[in-house]
$ cat data_3.cif   # mmCIF, C-alpha atoms and all ligand atoms
data_query
#
loop_
_atom_site.label_atom_id
_atom_site.label_comp_id
_atom_site.auth_asym_id
_atom_site.auth_seq_id
_atom_site.Cartn_x
_atom_site.Cartn_y
_atom_site.Cartn_z
CA MET A 1 -1.13 10.96 11.87
CA LYS A 2 -2.57 14.47 11.60
CA GLN A 3 -3.53 15.55 8.07
CA ASN A 4 -1.56 18.54 6.80
CA VAL A 5 -3.50 21.21 4.96
CA LEU A 6 -1.36 21.35 1.83
CA ARG A 7 -2.28 21.76 -1.83
CA GLU A 8 -1.82 18.89 -4.24
CA LYS A 9 1.27 20.01 -6.11
CA GLY A 10 3.37 17.27 -7.50
CA VAL A 11 3.47 13.55 -8.04
CA PHE A 12 4.36 10.63 -5.82
CA VAL A 13 6.26 7.99 -7.78
CA THR A 14 5.64 4.47 -6.54
CA GLY A 15 6.10 1.07 -8.14
CA THR A 16 4.80 -2.45 -8.30
CA ASP A 17 8.05 -3.64 -6.73
CA THR A 18 11.50 -2.59 -5.71
CA GLY A 19 13.98 -2.16 -8.59
CA VAL A 20 11.34 -1.37 -11.24
CA GLY A 21 12.93 1.99 -12.06
CA LYS A 22 11.16 4.42 -9.71
CA THR A 23 14.29 6.52 -9.21
CA LEU A 24 15.22 6.72 -12.88
CA VAL A 25 11.65 7.54 -13.86
CA ALA A 26 11.25 10.12 -11.05
CA ALA A 27 14.61 11.66 -11.98
CA GLY A 28 13.65 11.58 -15.67
CA ILE A 29 10.42 13.44 -14.91
CA ALA A 30 12.30 15.97 -12.75
CA CYS A 31 14.86 16.44 -15.53
CA LEU A 32 12.10 16.89 -18.13
CA LEU A 33 10.27 19.49 -16.02
CA HIS A 34 13.46 21.33 -15.09
CA GLY A 35 14.47 21.43 -18.77
CA SER A 36 11.01 22.76 -19.64
CA GLY A 37 11.41 25.69 -17.27
CA VAL A 38 9.25 24.31 -14.45
CA ASP A 39 10.45 25.06 -10.90
CA VAL A 40 10.64 21.48 -9.67
CA GLY A 41 11.79 20.12 -6.33
CA VAL A 42 12.49 16.50 -5.49
CA MET A 43 12.21 14.40 -2.39
CA LYS A 44 13.07 10.89 -1.25
CA PRO A 45 11.52 11.08 2.24
CA VAL A 46 12.78 7.72 3.48
CA ALA A 47 15.69 5.72 2.10
CA THR A 48 17.28 2.51 3.32
CA GLY A 49 20.58 0.98 2.35
CA GLY A 50 22.33 4.33 2.53
CA SER A 51 26.04 3.70 2.49
CA LYS A 52 28.11 6.40 0.90
CA ARG A 53 29.21 8.94 3.43
CA ALA A 54 28.98 12.54 2.36
CA PHE A 55 28.50 15.57 4.60
CA GLY A 56 29.68 13.18 7.35
CA GLU A 57 26.43 11.19 7.13
CA LEU A 58 24.69 8.39 5.29
CA VAL A 59 23.23 9.44 2.00
CA SER A 60 20.83 7.88 -0.46
CA GLU A 61 22.01 7.41 -4.03
CA ASP A 62 18.38 7.77 -5.15
CA ALA A 63 18.13 11.19 -3.52
CA LEU A 64 21.42 12.36 -5.03
CA LEU A 65 20.37 11.23 -8.50
CA MET A 66 17.04 13.04 -8.25
CA LYS A 67 18.68 16.17 -6.85
CA GLY A 68 21.07 16.32 -9.80
CA ALA A 69 18.31 15.64 -12.34
CA ALA A 70 16.14 18.47 -11.01
CA GLY A 71 19.04 20.93 -10.83
CA SER A 72 17.99 21.32 -7.19
CA LYS A 73 19.88 23.63 -4.86
CA ASP A 74 17.89 22.47 -1.85
CA ASP A 75 19.74 21.28 1.20
CA TYR A 76 20.30 17.52 1.02
CA HIS A 77 18.52 16.94 4.35
CA LEU A 78 15.32 18.45 3.00
CA ILE A 79 15.42 16.12 0.02
CA ASN A 80 16.22 13.04 2.09
CA PRO A 81 15.41 13.59 5.77
CA VAL A 82 15.57 9.90 6.75
CA CYS A 83 18.24 7.45 5.59
CA LEU A 84 18.73 4.13 7.38
CA PRO A 85 21.78 1.92 6.82
CA SER A 86 20.12 -1.49 6.42
CA MET A 87 18.73 -2.28 2.96
CA MET A 88 15.36 -3.46 4.22
CA ALA A 89 11.79 -2.21 4.53
CA PRO A 90 12.06 0.88 6.77
CA VAL A 91 10.05 -0.63 9.64
CA VAL A 92 12.49 -3.55 9.73
CA ALA A 93 15.60 -1.45 9.12
CA SER A 94 14.70 0.84 12.00
CA LYS A 95 14.55 -2.16 14.35
CA VAL A 96 17.81 -3.64 13.03
CA ASP A 97 19.60 -0.28 13.03
CA ARG A 98 17.96 0.86 16.30
CA LEU A 99 16.97 4.14 14.69
CA GLN A 100 13.55 5.78 14.55
CA VAL A 101 11.93 7.12 11.38
CA ASP A 102 11.81 10.84 12.17
CA TRP A 103 8.33 11.84 10.94
CA ASP A 104 8.70 15.42 12.19
CA ALA A 105 11.77 15.84 9.96
CA ILE A 106 9.87 14.36 6.99
CA TRP A 107 6.79 16.58 7.33
CA SER A 108 8.81 19.68 8.02
CA ALA A 109 10.99 19.05 4.93
CA TYR A 110 7.94 18.32 2.80
CA LYS A 111 6.23 21.50 3.94
CA THR A 112 9.35 23.56 3.14
CA LEU A 113 9.90 22.02 -0.30
CA SER A 114 6.26 22.16 -1.26
CA GLY A 115 6.10 25.82 -0.27
CA ARG A 116 9.30 26.58 -2.16
CA HIS A 117 8.60 24.87 -5.49
CA LYS A 118 5.84 24.94 -8.05
CA HIS A 119 5.97 21.18 -8.40
CA LEU A 120 7.46 18.27 -6.45
CA VAL A 121 8.50 14.82 -7.60
CA VAL A 122 8.59 12.47 -4.61
CA GLU A 123 9.91 8.92 -4.75
CA GLY A 124 8.42 6.48 -2.26
CA ILE A 125 10.24 3.35 -1.20
CA GLY A 126 9.47 -0.12 -2.57
CA GLY A 127 5.71 -0.25 -3.23
CA LEU A 128 2.57 1.21 -1.62
CA LEU A 129 2.22 -1.36 1.15
CA VAL A 130 5.78 -1.18 2.40
CA PRO A 131 5.56 -0.43 6.13
CA VAL A 132 7.56 2.69 6.95
CA SER A 133 6.98 2.65 10.68
CA GLU A 134 4.47 0.83 12.88
CA GLY A 135 1.01 1.41 11.34
CA VAL A 136 2.19 3.70 8.54
CA TYR A 137 2.55 2.44 4.99
CA VAL A 138 4.09 4.21 2.00
CA ALA A 139 0.50 4.76 0.78
CA ASP A 140 -0.29 6.71 3.97
CA MET A 141 2.70 8.95 3.31
CA ALA A 142 1.44 9.71 -0.23
CA ARG A 143 -2.04 10.34 1.13
CA LYS A 144 -0.81 12.75 3.77
CA MET A 145 1.26 14.58 1.14
CA LYS A 146 -1.98 14.91 -0.87
CA LEU A 147 -0.15 13.84 -4.00
CA PRO A 148 -1.49 11.74 -6.86
CA VAL A 149 0.53 8.62 -7.57
CA LEU A 150 2.36 7.48 -10.67
CA ILE A 151 2.96 3.74 -10.73
CA VAL A 152 6.12 2.41 -12.36
CA SER A 153 5.78 -1.18 -13.46
CA ARG A 154 7.53 -3.76 -15.63
CA PRO A 155 6.01 -4.55 -19.02
CA THR A 156 6.69 -8.25 -18.49
CA LEU A 157 4.53 -11.30 -17.80
CA GLY A 158 2.80 -10.72 -14.46
CA THR A 159 2.44 -6.99 -14.82
CA ILE A 160 -1.35 -7.02 -15.19
CA ASN A 161 -1.68 -8.62 -11.76
CA HIS A 162 1.02 -6.52 -10.05
CA THR A 163 -0.23 -3.28 -11.54
CA LEU A 164 -3.91 -3.92 -10.82
CA LEU A 165 -3.06 -4.90 -7.23
CA THR A 166 -1.17 -1.63 -6.77
CA ILE A 167 -4.01 0.39 -8.30
CA GLU A 168 -6.54 -1.37 -6.05
CA ALA A 169 -4.44 -0.64 -2.95
CA ALA A 170 -4.12 3.00 -4.00
CA LYS A 171 -7.84 3.40 -4.61
CA LYS A 172 -8.69 1.70 -1.30
CA ARG A 173 -6.61 4.38 0.43
CA ARG A 174 -8.28 7.13 -1.59
CA LEU A 175 -5.15 7.99 -3.54
CA ARG A 176 -5.63 9.47 -6.98
CA VAL A 177 -3.79 7.36 -9.53
CA LYS A 178 -2.49 9.61 -12.27
CA GLY A 179 -1.15 6.86 -14.46
CA VAL A 180 1.09 3.88 -14.96
CA ILE A 181 4.52 4.05 -16.57
CA PHE A 182 5.98 0.86 -17.98
CA ASN A 183 9.76 0.76 -17.68
CA SER A 184 12.07 -2.00 -18.94
CA THR A 185 15.10 -2.57 -16.76
CA ASN A 186 16.11 -5.59 -18.82
CA GLN A 187 16.38 -6.40 -22.49
CA GLY A 188 13.60 -8.42 -24.08
CA GLY A 189 9.92 -8.27 -23.31
CA GLY A 190 8.42 -7.29 -26.62
CA THR A 191 5.69 -5.00 -27.84
CA LEU A 192 2.86 -7.55 -27.96
CA LEU A 193 3.14 -8.18 -24.21
CA ALA A 194 3.40 -4.45 -23.45
CA ASP A 195 0.52 -3.51 -25.75
CA THR A 196 -1.85 -6.20 -24.51
CA SER A 197 -0.92 -5.53 -20.84
CA LYS A 198 -1.57 -1.82 -21.35
CA ALA A 199 -4.98 -2.56 -22.85
CA GLU A 200 -5.95 -4.91 -20.02
CA ILE A 201 -4.74 -2.59 -17.24
CA GLU A 202 -6.64 0.34 -18.74
CA ARG A 203 -9.80 -1.73 -19.35
CA HIS A 204 -9.92 -3.16 -15.83
CA SER A 205 -8.84 -0.08 -13.87
CA GLY A 206 -9.64 2.96 -15.99
CA VAL A 207 -6.08 4.18 -15.27
CA PRO A 208 -4.04 5.19 -18.34
CA VAL A 209 -0.68 3.60 -19.12
CA ILE A 210 1.01 6.82 -20.20
CA ALA A 211 4.41 5.59 -21.37
CA ASN A 212 6.41 2.48 -22.19
CA ILE A 213 10.05 3.37 -21.51
CA PRO A 214 12.39 0.97 -23.31
CA TYR A 215 15.49 -0.69 -21.92
CA MET A 216 18.37 1.75 -22.36
CA PRO A 217 21.86 0.21 -21.94
CA SER A 218 23.35 3.48 -20.62
CA VAL A 219 20.25 4.84 -18.96
CA THR A 220 20.38 8.28 -17.30
CA SER A 221 17.76 10.70 -16.07
CA ALA A 222 18.46 12.75 -19.20
CA SER A 223 17.85 9.81 -21.56
CA ILE A 224 14.55 9.06 -19.81
CA ALA A 225 13.62 12.75 -19.99
CA THR A 226 14.34 12.79 -23.73
CA PHE A 227 12.16 9.73 -24.25
CA LEU A 228 9.32 11.19 -22.17
CA LYS A 229 9.52 14.53 -23.96
CA ARG A 230 8.88 12.78 -27.28
CA ASN A 231 6.17 10.46 -26.00
CA ILE A 232 4.02 12.15 -23.34
CA ASN A 233 2.47 15.52 -22.51
CA LEU A 234 3.90 17.43 -19.54
CA GLN A 235 0.41 17.38 -17.99
CA ASP A 236 0.64 13.58 -17.75
CA VAL A 237 3.27 13.97 -15.03
CA MET A 238 2.25 17.33 -13.53
N1 LIG A 301 14.88 2.10 -18.84
C1 LIG A 301 15.92 1.51 -18.28
N2 LIG A 301 16.85 0.89 -19.04
C2 LIG A 301 17.91 0.26 -18.47
N3 LIG A 301 18.13 0.19 -17.14
C3 LIG A 301 17.24 0.80 -16.33
C4 LIG A 301 16.10 1.48 -16.85
N4 LIG A 301 15.40 1.97 -15.80
C5 LIG A 301 16.08 1.64 -14.70
N5 LIG A 301 17.17 0.92 -15.00
C6 LIG A 301 18.15 0.34 -14.06
O1 LIG A 301 17.45 -0.56 -13.22
C7 LIG A 301 17.94 -0.50 -11.89
C8 LIG A 301 16.79 -0.18 -10.94
O2 LIG A 301 16.34 1.14 -11.23
P1 LIG A 301 15.95 2.13 -10.07
O3 LIG A 301 17.04 2.26 -9.07
O4 LIG A 301 15.46 3.37 -10.71
O5 LIG A 301 14.73 1.32 -9.43
P2 LIG A 301 13.90 1.65 -8.11
O6 LIG A 301 12.52 1.15 -8.33
O7 LIG A 301 14.05 3.08 -7.77
O8 LIG A 301 14.64 0.76 -7.03
P3 LIG A 301 14.53 0.89 -5.43
O9 LIG A 301 13.29 0.13 -5.06
O10 LIG A 301 15.80 0.24 -4.97
O11 LIG A 301 14.45 2.35 -5.07
C9 LIG A 301 19.05 0.54 -11.89
O12 LIG A 301 20.29 -0.10 -12.05
C10 LIG A 301 18.75 1.39 -13.11
O13 LIG A 301 19.89 1.99 -13.67
MG MG A 302 14.78 4.01 -6.04
#

$ encode --input "data_3.cif" --output "structure tokens"
Amino acid sequence: MKQNVLREKGVFVTGTDTGVGKTLVAAGIACLLHGSGVDVGVMKPVATGGSKRAFGELVSEDALLMKGAAGSKDDYHLINPVCLPSMMAPVVASKVDRLQVDWDAIWSAYKTLSGRHKHLVVEGIGGLLVPVSEGVYVADMARKMKLPVLIVSRPTLGTINHTLLTIEAAKKRRLRVKGVIFNSTNQGGGTLLADTSKAEIERHSGVPVIANIPYMPSVTSASIATFLKRNINLQDVM
């Protein structure tokens, strides 16, 4: 892949796993920035498991949620240039669906959105070592976008290992890790586990755990934005 000459202007939201809350957290950040008067754009470059047909095509629910949260008027295809039907890692889905990941569409959309907005919130897919196409991982996409990464992880048993593995993979690929955000998608957990995990992750990696978002029964991007507004500085996610 050729390196684009683009400024670092945004964050790339990744996670320790699928289903950790990347979309809600990314949408919450977009909602927070939009509500604070920041011109924010959003992007979900590659989605899989697209099913709902709108505009006569497959669409990604993640992309639609982020678009709404950011108050974005950008064309849907800029926000989500690639959407494959099978809910699998993109490299596998593209084989099963017999569709190519259109990198030209992704880079062209990224260039347009990054030129148009002061700040971009990009959601990856799965975690950093998910293969997007042959020889290209999610981490490579973040690297080429020249964006620092925010890692969403679960504040449950196992998070020290999962989070440190993700940070190590990011550092190995020369990604700047802006911080870790704990997010609870289930009830339970507890503050002792979250507090001690935060301390260990910070001690071993030097990366700050900037928020611990609680389980919210009726979670929305707005409820996450409200929580973040009370608990972090805008600079933590900008
Ligand atoms: N703080 C929270 N409280 C309650 N439920 C949450 C919270 N955060 C996320 N969820 C729920 O957890 C599920 C997974 O969240 P989300 O879709 O954001 O994860 P993801 O990491 O983006 O998943 P994917 O890998 O499929 O893109 C969703 O049903 C979402 O509504
Ligand atoms: Mg998602």

$ residues_around --input "data_3.cif" --residues "region 59-64 of chain A" --least-positions-apart "4" --cutoff "9 Å" --atoms "all atoms listed in the file" --output "count of residues only"
25

$ atom_distance --input "data_3.cif" --atom1 "CA of Thr159 (chain A)" --atom2 "CA of Lys67 (chain A)"
29.4 Å

$ closest_residue --input "data_3.cif" --among "A:Ile213, A:Leu33, A:Leu193, A:Val177" --to "ligand LIG 301 (chain A)" --atoms "only C-alpha atoms and all ligand atoms"
A:Ile213

$ closest_residue --input "data_3.cif" --among "A:Ile181, A:Ile125, A:Leu32, A:Ala211" --to "ligand MG 302 (chain A)" --atoms "all atoms listed in the file"
A:Ile125

$ axis_aligned_box --input "data_3.cif" --around "ligand LIG 301 (chain A)" --padding-each-side "8 Å" --output "JSON"
{"center_x": 16.4, "center_y": 1.4, "center_z": -12.0, "size_x": 23.8, "size_y": 19.9, "size_z": 30.1}

$ closest_residue --input "data_3.cif" --among "A:Met88, A:Val237, A:Met216, A:Val25" --to "ligand MG 302 (chain A)" --atoms "all atoms listed in the file"
A:Val25

$ residues_near_ligand --input "data_3.cif" --ligand "ligand LIG 301 (chain A)" --cutoff "6 Å" --atoms "all atoms listed in the file" --output "list in words"
Thr18, Gly19, Val20, Gly21, Lys22, Thr23, Leu24, Ile125, Gly126, Asn183, Ser184, Thr185, Ile213, Pro214, Tyr215, Met216, Pro217 and Val219 of chain A

$ atom_distance --input "data_3.cif" --atom1 "CA of His34 (chain A)" --atom2 "CA of Leu150 (chain A)"
18.3 Å

$ atom_distance --input "data_3.cif" --atom1 "CA of Lys111 (chain A)" --atom2 "CA of Pro148 (chain A)"
16.5 Å

$ closest_residue --input "data_3.cif" --among "A:Val40, A:Met87, A:Ile201, A:Val132" --to "ligand MG 302 (chain A)" --atoms "all atoms listed in the file"
A:Met87

$ closest_residue --input "data_3.cif" --among "A:Leu58, A:Arg203, A:Leu128, A:Tyr110" --to "Ser86 (chain A)" --atoms "only C-alpha atoms"
A:Leu58

$ closest_residue --input "data_3.cif" --among "A:Arg230, A:Gln235, A:Ala194, A:Gln100" --to "Val38 (chain A)" --atoms "all atoms listed in the file"
A:Gln235

$ residues_around --input "data_3.cif" --residues "Gly37 (chain A)" --least-positions-apart "4" --cutoff "12 Å" --atoms "only C-alpha atoms" --output "MDAnalysis selection string"
chainID A and resid 30:33 70:71 118:119 234

$ write_last_selection --input "data_3.cif" --atoms "C-alpha atoms" --output "PDB file, in the coordinates of the input"
ATOM      1  CA  ALA A  30      12.300  15.970 -12.750  1.00  0.00           C
ATOM      2  CA  CYS A  31      14.860  16.440 -15.530  1.00  0.00           C
ATOM      3  CA  LEU A  32      12.100  16.890 -18.130  1.00  0.00           C
ATOM      4  CA  LEU A  33      10.270  19.490 -16.020  1.00  0.00           C
ATOM      5  CA  ALA A  70      16.140  18.470 -11.010  1.00  0.00           C
ATOM      6  CA  GLY A  71      19.040  20.930 -10.830  1.00  0.00           C
ATOM      7  CA  LYS A 118       5.840  24.940  -8.050  1.00  0.00           C
ATOM      8  CA  HIS A 119       5.970  21.180  -8.400  1.00  0.00           C
ATOM      9  CA  LEU A 234       3.900  17.430 -19.540  1.00  0.00           C
TER      10      LEU A 234
END

$ residues_around --input "data_3.cif" --residues "Thr112 (chain A)" --least-positions-apart "3" --cutoff "12 Å" --atoms "only C-alpha atoms" --output "list of chain:residue names"
A:Leu6, A:Gly41, A:Val42, A:Met43, A:Asp74, A:Asp75, A:His77, A:Leu78, A:Ile79, A:Pro81, A:Ala105, A:Ile106, A:Trp107, A:Ser108, A:Ala109, A:Gly115, A:Arg116, A:His117, A:Lys118, A:Leu120

$ write_last_selection --input "data_3.cif" --atoms "C-alpha atoms" --output "compact mmCIF listing (two decimals), in the coordinates of the input"
# COMPACT_ATOMS: atom_id res chain seq x y z
CA LEU A 6 -1.36 21.35 1.83
CA GLY A 41 11.79 20.12 -6.33
CA VAL A 42 12.49 16.50 -5.49
CA MET A 43 12.21 14.40 -2.39
CA ASP A 74 17.89 22.47 -1.85
CA ASP A 75 19.74 21.28 1.20
CA HIS A 77 18.52 16.94 4.35
CA LEU A 78 15.32 18.45 3.00
CA ILE A 79 15.42 16.12 0.02
CA PRO A 81 15.41 13.59 5.77
CA ALA A 105 11.77 15.84 9.96
CA ILE A 106 9.87 14.36 6.99
CA TRP A 107 6.79 16.58 7.33
CA SER A 108 8.81 19.68 8.02
CA ALA A 109 10.99 19.05 4.93
CA GLY A 115 6.10 25.82 -0.27
CA ARG A 116 9.30 26.58 -2.16
CA HIS A 117 8.60 24.87 -5.49
CA LYS A 118 5.84 24.94 -8.05
CA LEU A 120 7.46 18.27 -6.45

$ residues_around --input "data_3.cif" --residues "region 138-143 of chain A" --least-positions-apart "3" --cutoff "8 Å" --atoms "only C-alpha atoms" --output "list of chain:residue names"
A:Phe12, A:Gly124, A:Ile125, A:Gly127, A:Leu128, A:Leu129, A:Val130, A:Pro131, A:Val132, A:Lys146, A:Leu147, A:Pro148, A:Val149, A:Ala170, A:Arg173, A:Arg174, A:Leu175

$ write_last_selection --input "data_3.cif" --atoms "C-alpha atoms" --output "compact mmCIF listing (two decimals), in the frame of the given file"
# COMPACT_ATOMS: atom_id res chain seq x y z
CA PHE A 12 4.36 10.63 -5.82
CA GLY A 124 8.42 6.48 -2.26
CA ILE A 125 10.24 3.35 -1.20
CA GLY A 127 5.71 -0.25 -3.23
CA LEU A 128 2.57 1.21 -1.62
CA LEU A 129 2.22 -1.36 1.15
CA VAL A 130 5.78 -1.18 2.40
CA PRO A 131 5.56 -0.43 6.13
CA VAL A 132 7.56 2.69 6.95
CA LYS A 146 -1.98 14.91 -0.87
CA LEU A 147 -0.15 13.84 -4.00
CA PRO A 148 -1.49 11.74 -6.86
CA VAL A 149 0.53 8.62 -7.57
CA ALA A 170 -4.12 3.00 -4.00
CA ARG A 173 -6.61 4.38 0.43
CA ARG A 174 -8.28 7.13 -1.59
CA LEU A 175 -5.15 7.99 -3.54
